[in-house]
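Single-structure report; data block below.
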Amino acid sequence: MKNIQTLNLKTSKYIEFIDITSEVREYIQKQGLKEGIVIVYTPHTTAGITINENADPAVTMDIEEFIKRKVPHEGYFKHMEGNSPSHIMSSLFSASETFIVSNGELLLGTWQAIYFCEFDGPRQRKVYLKIIES
Amino acid sequence: MKNIQTLNLKTSKYIEFIDITSEVREYIQKQGLKEGIVIVYTPHTTAGITINENADPAVTMDIEEFIKRKVPHEGYFKHMEGNSPSHIMSSLFSASETFIVSNGELLLGTWQAIYFCEFDGPRQRKVYLKIIES
Amino acid sequence: MKNIQTLNLKTSKYIEFIDITSEVREYIQKQGLKEGIVIVYTPHTTAGITINENADPAVTMDIEEFIKRKVPHEGYFKHMEGNSPSHIMSSLFSASETFIVSNGELLLGTWQAIYFCEFDGPRQRKVYLKIIES
């Protein structure tokens, strides 16, 4: 796949946020992209991509605890596989995010990190990275 | 509109998830796009675009039931039209998603399908498709 | 930063939705973009970008009230700064949105406006705008 890089991740918990910012930065450098955008896309229906703080690990721990409590297994769910909460979280967080690249650098805020979100782990997961030059 | 395709959809329920994956695939083939991205955008404030499983129809039924119960009509809502839950769902699911195209194919996961989300139906709705070549 | 414009915003409340549609339109005109996309990105972990109605101001007031009640401070939150609800809202609404530009115009629906979402104000905030020509 032209220009596309695949990240392979191994998650270890039911819900888990894995910081993939450095992998995205390396991809941009390897591609030599100076100006453009990068799409971070996960091809799973019980996972997602989000942006949040990585300075204090309690931030993603609080997000994890919050969604675990607010999106529980409900008696009315009919999906046979029993993981409807994971599918709901995936739609709420969404499977991709788009980032700006400028002067060869990922344009993130001081506190922003890019997270792969596991909502039905542990599993083997993939993330695709794709650049568009401006 | 250069390169842009409009899908016209007719929804039949208050909340409804309509699989538009084959329409997006046809658009990419018609445009002859080999490498790039495609933006799927709905111009409504009480609808959205999401990605989820289409193998078991119970998945989107469970999502539908969940959001209907979690985003009900609240006594404190002031919007005269009376459809604030629909506007809230639209912001939570978001009006667009971006997809990667590689070797002329939409790069979806095995279980992923692209859904138009009706949050205030039944109505006539539109979705815009737009490619960017890489 | 080539082609990138920074908007500087001053918010005045804990949660606030600021309509930035006209700033995005001016940026597109200034860049002379005829066909393509525009990425609207905020570099903060307690803010977001969303699309919703601007005809009746009660719509964003209802969204504001809803998320304030549904994402409150919880006793189990561990983040020292005490603003975990703001981080959760940021991930749910997401830090960016992508829009289609056609014939030099932002392709919005009749009722759609682009909002910067403050989830931890009042603060000084930034939004980055970036075009990709198709």
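Ordered as shown in the structure tokens, chains take letters A, B, and onward, while each chain numbers its residues from 1 and ligands are numbered from 1 in the order shown.
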
Give me the residues within 8 Å of Lys13 in chain C as an mmCIF file with C-alpha atoms, in the first residue's frame, counting only C-alpha atoms and dropping any in the same chain fewer than 4 places off.
data_model
loop_
_atom_site.group_PDB
_atom_site.id
_atom_site.type_symbol
_atom_site.label_atom_id
_atom_site.label_comp_id
_atom_site.auth_asym_id
_atom_site.auth_seq_id
_atom_site.Cartn_x
_atom_site.Cartn_y
_atom_site.Cartn_z
ATOM 1 C CA GLU C 118 -14.805 25.208 25.341
ATOM 2 C CA ASP C 120 -12.807 24.018 30.707
ATOM 3 C CA GLY C 121 -13.088 27.794 30.472
ATOM 4 C CA PRO C 122 -12.641 30.586 30.726
#

So that each row is one residue of chain B with an atom at most 7 Å from chain C, can you give its shortest atom pair and the distance in Å to one decimal, using only C-alpha atoms, rows by chain and rising number, as CSV?
residue,atom,partner,partner_atom,distance
B:Met1,CA,C:Ser102,CA,6.0
B:Pro43,CA,C:Gly109,CA,4.2
B:His44,CA,C:Gly109,CA,5.8
B:Thr45,CA,C:Asn52,CA,5.1
B:Phe77,CA,C:Asp62,CA,5.4
B:Lys78,CA,C:Ala58,CA,5.7
B:His79,CA,C:Ala58,CA,4.8
B:Ser84,CA,C:Val59,CA,6.3
B:His87,CA,C:Asn52,CA,6.9
B:Ile88,CA,C:Ile63,CA,5.9
B:Ser91,CA,C:Thr50,CA,6.0
B:Leu92,CA,C:Phe93,CA,5.7
B:Ile132,CA,C:Ser134,CA,5.2
B:Glu133,CA,C:Ser134,CA,6.9

Close residues, Ser12 in chain A itself excluded, 9 Å, only C-alpha atoms, min 2 positions apart in chain, as a list in words: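 Those residues are Lys10, Tyr14, Ile15, Glu16, Gly121, Pro122 and Arg123 of chain A.
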
Dump of N, CA and C atoms for the selected residues, as a PDB file, in the first residue's frame:
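The file below, result-v6.pdb, is the result:
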ATOM      1  N   LYS A  10      -0.529  -4.811  20.521  1.00  0.00           N
ATOM      2  CA  LYS A  10      -1.058  -5.900  21.339  1.00  0.00           C
ATOM      3  C   LYS A  10      -1.587  -5.264  22.623  1.00  0.00           C
ATOM      4  N   TYR A  14      -9.346  -4.932  28.981  1.00  0.00           N
ATOM      5  CA  TYR A  14     -10.652  -4.718  28.331  1.00  0.00           C
ATOM      6  C   TYR A  14     -10.687  -3.332  27.678  1.00  0.00           C
ATOM      7  N   ILE A  15     -10.383  -2.297  28.469  1.00  0.00           N
ATOM      8  CA  ILE A  15     -10.273  -0.937  27.927  1.00  0.00           C
ATOM      9  C   ILE A  15      -8.845  -0.462  28.170  1.00  0.00           C
ATOM     10  N   GLU A  16      -8.219   0.094  27.129  1.00  0.00           N
ATOM     11  CA  GLU A  16      -6.827   0.525  27.271  1.00  0.00           C
ATOM     12  C   GLU A  16      -6.525   1.638  26.264  1.00  0.00           C
ATOM     13  N   GLY A 121     -10.555  -5.506  24.641  1.00  0.00           N
ATOM     14  CA  GLY A 121      -9.317  -6.276  24.703  1.00  0.00           C
ATOM     15  C   GLY A 121      -9.382  -7.363  25.762  1.00  0.00           C
ATOM     16  N   PRO A 122      -8.268  -8.106  25.913  1.00  0.00           N
ATOM     17  CA  PRO A 122      -7.050  -7.932  25.094  1.00  0.00           C
ATOM     18  C   PRO A 122      -7.162  -8.555  23.707  1.00  0.00           C
ATOM     19  N   ARG A 123      -6.551  -7.886  22.729  1.00  0.00           N
ATOM     20  CA  ARG A 123      -6.560  -8.343  21.330  1.00  0.00           C
ATOM     21  C   ARG A 123      -5.309  -7.870  20.587  1.00  0.00           C
TER      22      ARG A 123
END

Distance of CA of Val71 in chain B from CA of Ser90 in chain B, expressed in Å to one decimal place: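 Between CA of Ser90 in chain B and CA of Val71 in chain B the gap is 11.2 Å.
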
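Taking only range 34-106 of chain C, the residues that DSSP calls strand (DSSP E) from the backbone come to C:Gly36, C:Ile37, C:Val38, C:Ile39, C:Val40, C:Tyr41, C:Ala47, C:Gly48, C:Ile49, C:Thr50, C:Ile51, C:Asn52, C:Glu53, C:Ser96, C:Glu97, C:Thr98, C:Phe99, C:Ile100, C:Val101, C:Ser102, C:Glu105, C:Leu106.
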